[in-house]
Amino acid sequence: MNDGVGMGVMNTLLTSRPDAVVPVLELRGISKRYGGVQALSDISVSLEAGEVLCIVGENGAGKSTLSAIASGLVEPDTGTIIVAGQEVRLPNPASAEALGIRLAPQELLLCPNLTVAENVMLGNFPRTRLGAVDRRKTRDLASQRLARLGLDDLDLSRRVESLPVVDRAFVQIARALTDGARVLIADEPTAPMSAREADRLLELLAAIRNSGVGLIYVSHRLDEVLHVGDRVIVLRDGRLVDHMSAAEGTRERIVESMLGMRTLAPIETGTSALDGNVRLRLTALATIGTLKNATLDVCAGEIVGVYGIAGSGRDELGAASFGAIPLISGKVEVDGNIVRPGSIKSSIQAGLGYVPAERRTQGLLLERSIMENLTLANLEVLSVGPFLKKSGEVEMSEVWREKIDIRASSIRVLVGNLSGGNQQKVLLARWLLRGSNVLILDEPTRGVDVGSKAEIYSILKDLSRVSQAAILIVSSDIEEVATVCDRAYVMRDGVIVAEISNPSQEQLAYEAYLEEKV
Amino acid sequence: MSQPVTKPKVATGTISTALPDQEKTLAKRLHSGRDIRSIIQSQGLLLMLLLCVIFFSTQSEYFLTLSNMFIIITGASALALMAFTQTPLIISGGFDVSVGSVVAMSTVVMGILLAQGMPTAVAITLTILMGAAIGAINAFLTVQLNVNPLIATLGTMSIFLGLAYVLSSGQTVVVQNDFLNAIVRTTVGPVPVLVGVVFFAFIVAYIIQNFTVMGRETYAIGGNRDAARLAGLPVKRLPWMLFVLSSMSAAVAGIVLTAQLGSASPQVGSTFLLSVVTAVILGGSSLAGGRGSVVGTLIAVAILGVLQNGFAQLQLASYFQTMALGVALILAVLVDQTTRKLER
């Protein structure tokens with residue numbers, strides 16, 4: 001909505017404010033390219049002392065790159081960085097830290113085996129006269145620093161590994177806020193937290209802001225952004241597409257800018273009764289983690305999507321329905337047969353196939369051949385007694401390489417040497433070769449090039465239309481769900497909140513981001 | 001079985017026409033690189049073996065005789081039997097340093113049972129079952145309770161070595177048994193039976209590793225345990241079996257040693273505390289799991305056997321042998337690392 005011609009004007013509006021105080025941190029015309037991807041193009045923002053600037057955007061929009069540049073982890077290709085009126089270069093994190101810019105990274109960098117006090121003081125341990133670490137002084141200094149942030153109730157001698165997530169984030173922030181801190185960059189600190197924990201963290205951030213530190217806050221959660229932020233900028237595909245004060249911001253406007261859509265409107269979601277025969281039925285699935293209640297059906301010949309933002313319980317749903325993580329309640333039925341809960345074997349025997357989101361760590365044997373990866377789930381059929389039927393294995397692998405068009409010179413090529421798209425095809429074919437055609441695919445095209453993406457979609461369409469397979473796609477890619485799925489469920493906070501036939505991106509976004517909790 | 005999935009006819013031809021050829025050459029290069037590596041690796045080991053043989057045959061004219069070859073093989077037979085089961089265990093991502101203690105237990109228990117006048121067949125069966133039981137303890141600790149295999153088997157190593165000394169009061173007992181004597185003395189033509197046993201064991205291990213479902217699953221579980229689990233492989237049952245097999249083979253090795261020495265003594269075990277694992281690593285198996293072969297293990301065992309025999313003939317102290325072993329191990333690992341780097 002705000003891209004295109006208006007951009008130049010907006011940038012100048014953002015950066016030149018003659019009447020304002022000197023910003024504590026200013027980025028002008030920042031661009032950064034990674035290989036073929038323009039991660040950031042011509043971004044200009046400024047941050048004043050005592051304000052909270054929120055950065056929002058979808059995965060891959062450039063939020064993390066921007067905070068990495070501001071904290072000296074990455075140098076921009078072009079553009080200038082100005083700290084308190086001085087143009088500077090930030091070639092490494094130490095240079096940013098020296099200028100008072102502190103980062104609380106997304107993946108907390110703490111030593112879990114050390115105590116709270118030791119972690120707060122890590123790298124700045126006070127020494128005794130003999131050069132050993134002065135334990136008492138470490139405790140005293142750590143306790144002072146925590147007290148200044150109002151975190152007196154943290155137990156200084158407790159090991160960090162035994163702390164709840166929110167307290168770990170507190171420790172990380174306390175460590176970042178040494179003397180001379182002017183800017184604190186918090187990259188999605190609340191993603192792994194419950195709503196109550198997140199509230200506590202937001203209180204702390206407000207207190208830090210009130211102490212005069214400038215805050216850059218990256219988050220997916222729009223309520224938080226509007227609650228704690230003073231200003232909000234929206235990134236999409238590496239460009240700054242919208243900018244607003246929190247007062248004039250609404251969740252609708254942010255989501256529309258984030259996804260580049262016209263209007264978001266609630267659309268009646270109670271859909272028609274299913275008319276196909278149900279092949280996969282999940283009833284009230286819940287795990288110890290974030291998945292609280294998921295009930296859904298997938299019919300023969302249907303591709304169904306599950307969409308939700310990070311932390312919505314989306315990815316746990318896929319793993320839990322295959323028995324890869326334990327259930328605390330609920331049941332999984334395949335073609336009317338109840339699968340033994342938590343048993344991968346029983347799931348496979350019932351005809352389920354599962355492609356995990358992390359193909360390299362959870363799916364493939366990277367140092368083995370395409371053939372061995374293809375037949376991995378089907379060895380009992382490809383054997384006579386204890387012996388492998390090697391000729392049958394070769395034959396079957398060739399057939400499926402051909403059918404699904406895995407591009408490699410031979411089935412002996414190591415899977416680790418294939419492109420992402422071909423690797424994904426191998427994982428898919430592993431189940432097809434077995435004859436499984438109730439499939440749960442977690443992020444089936446993550447990190448896959450456009451061409452392979454289209455091919456995978458067309459394979460899935462064929463499977464569902466021609467072979468009457470039932471396919472459940474779990475995805476964070478809103479475009480994928482909208483274009484490929486006949487029907488979609490939207491998850492939020494561990495619960496399925498909506499079911500949509502022939503979903504559009506607008507409907508999915510509305511349900512995932514905007515609609516009030518049920 | 002197969003499903004009528006038609007080959008996708010998407011309009012992606014233009015995007016990906018460049019891919020196959022590129023990937024083909026790359027794949028070919030990497031594929032042949034892998035062959036070169038495995039050749040260098042196995043040939044490197046063979047070369048090492050050859051150098052040892054040449055060196056010792058220049059030092060002693062007796063060295064390169066058929067009868068001495070048989071002595072070398074029978075002398076390394078206990079090590080070979082254990083290394084053949086340790087290899088798949090390490091490939092699967094496991095590790096067992098307790099085998100030396102199982103040897104000690106086995107020989108002591110054999111001595112005691114035979115001294116009690118127990119029939120030979122019963123004594124042997126009970127001893128092997130004892131080995132299986134120790135293997136089950138190792139498996140329970142590592143597979144079920146998730147204790148690191150190095151730590152778990154270091155623990156059982158210490159426990160059962162101690163127990164072997166307790167049971168025997170540290171004494172050596174002479175064992176005179178017709179069957180055991182026969183194991184050592186019987187020959188088929190010029191070939192001692194034990195040589196046959198070693199080669200039979202090797203062939204069984206080779207076939208299991210290369211031609212069976214179990215062999216394939218061993219590589220898969222060691223290569224990527226999560227992927228293997230999600231494909232429905234027995235990621236617990238198989239390691240259980242491999243731990244039990246490892247200890248059982250150590251019990252058999254203990255019986256063989258008892259026969260060879262004509263006596264039962266817990267000290268025998270301490271020779272094998274690390275040499276089995278050393279042989280497997282020297283043979284090219286990766287401690288990280290997923291890689292290795294029983295052929296490499298066979299050559300590595302041969303090297304160790306030749307070193308032992310050769311040093312004995314030169315009447316050098318066995319300490320030199322220990323040193324040479326260390327050098328060989330480090331060399332082998334360095335060669336492996338460099339060839340892997342060259343591959344990239």
# chains A, B, ... in the order shown; residues from 1 in each chain; ligands from 1
call {"tool": "select_by_dssp", "arguments": {"residues": "region 9-197 of chain B", "states": "strand (DSSP E or B)", "output": "PyMOL selection string"}}
result
chain B and resi 173-174+187-188+191-192
call {"tool": "write_last_selection", "arguments": {"atoms": "C-alpha atoms", "output": "mmCIF file, in the first residue's frame"}}
result
data_model
loop_
_atom_site.group_PDB
_atom_site.id
_atom_site.type_symbol
_atom_site.label_atom_id
_atom_site.label_comp_id
_atom_site.auth_asym_id
_atom_site.auth_seq_id
_atom_site.Cartn_x
_atom_site.Cartn_y
_atom_site.Cartn_z
ATOM 1 C CA VAL B 173 44.334 -71.489 37.322
ATOM 2 C CA VAL B 174 45.560 -74.197 34.971
ATOM 3 C CA THR B 187 44.151 -78.569 11.902
ATOM 4 C CA VAL B 188 42.485 -79.220 8.587
ATOM 5 C CA VAL B 191 45.280 -74.889 8.414
ATOM 6 C CA PRO B 192 44.450 -74.537 12.114
#
call {"tool": "select_by_dssp", "arguments": {"residues": "region 231-396 of chain A", "states": "helix (DSSP H, G or I)", "output": "PyMOL selection string"}}
result
chain A and resi 251-259+314-321+344-349+359-363+370-374+376-378+390-396
call {"tool": "residues_around", "arguments": {"residues": "region 58-66 of chain B", "least_positions_apart": "6", "cutoff": "9 Å", "atoms": "only C-alpha atoms", "output": "PyMOL selection string"}}
result
chain B and resi 309-310+313-314
call {"tool": "write_last_selection", "arguments": {"atoms": "C-alpha atoms", "output": "mmCIF file, in the first residue's frame"}}
result
data_model
loop_
_atom_site.group_PDB
_atom_site.id
_atom_site.type_symbol
_atom_site.label_atom_id
_atom_site.label_comp_id
_atom_site.auth_asym_id
_atom_site.auth_seq_id
_atom_site.Cartn_x
_atom_site.Cartn_y
_atom_site.Cartn_z
ATOM 1 C CA ASN B 309 54.400 -61.160 16.024
ATOM 2 C CA GLY B 310 57.186 -59.173 14.399
ATOM 3 C CA GLN B 313 60.548 -62.181 16.764
ATOM 4 C CA LEU B 314 62.898 -59.233 16.996
#
call {"tool": "interface_residues", "arguments": {"of": "chain A", "to": "chain B", "cutoff": "8 Å", "atoms": "only C-alpha atoms", "output": "VMD selection string"}}
result
chain A and resid 324 344 to 345 348 354 361 to 367 376 to 377 379 to 380 383 386 to 388 390 402 to 405 407 to 409 413 to 414 417 to 418 432 to 435 451 to 452 454 to 455 458 to 459 462 to 463 466 to 467
call {"tool": "atom_distance", "arguments": {"atom1": "CA of Met244 (chain A)", "atom2": "CA of Leu66 (chain A)"}}
result
18.1 Å
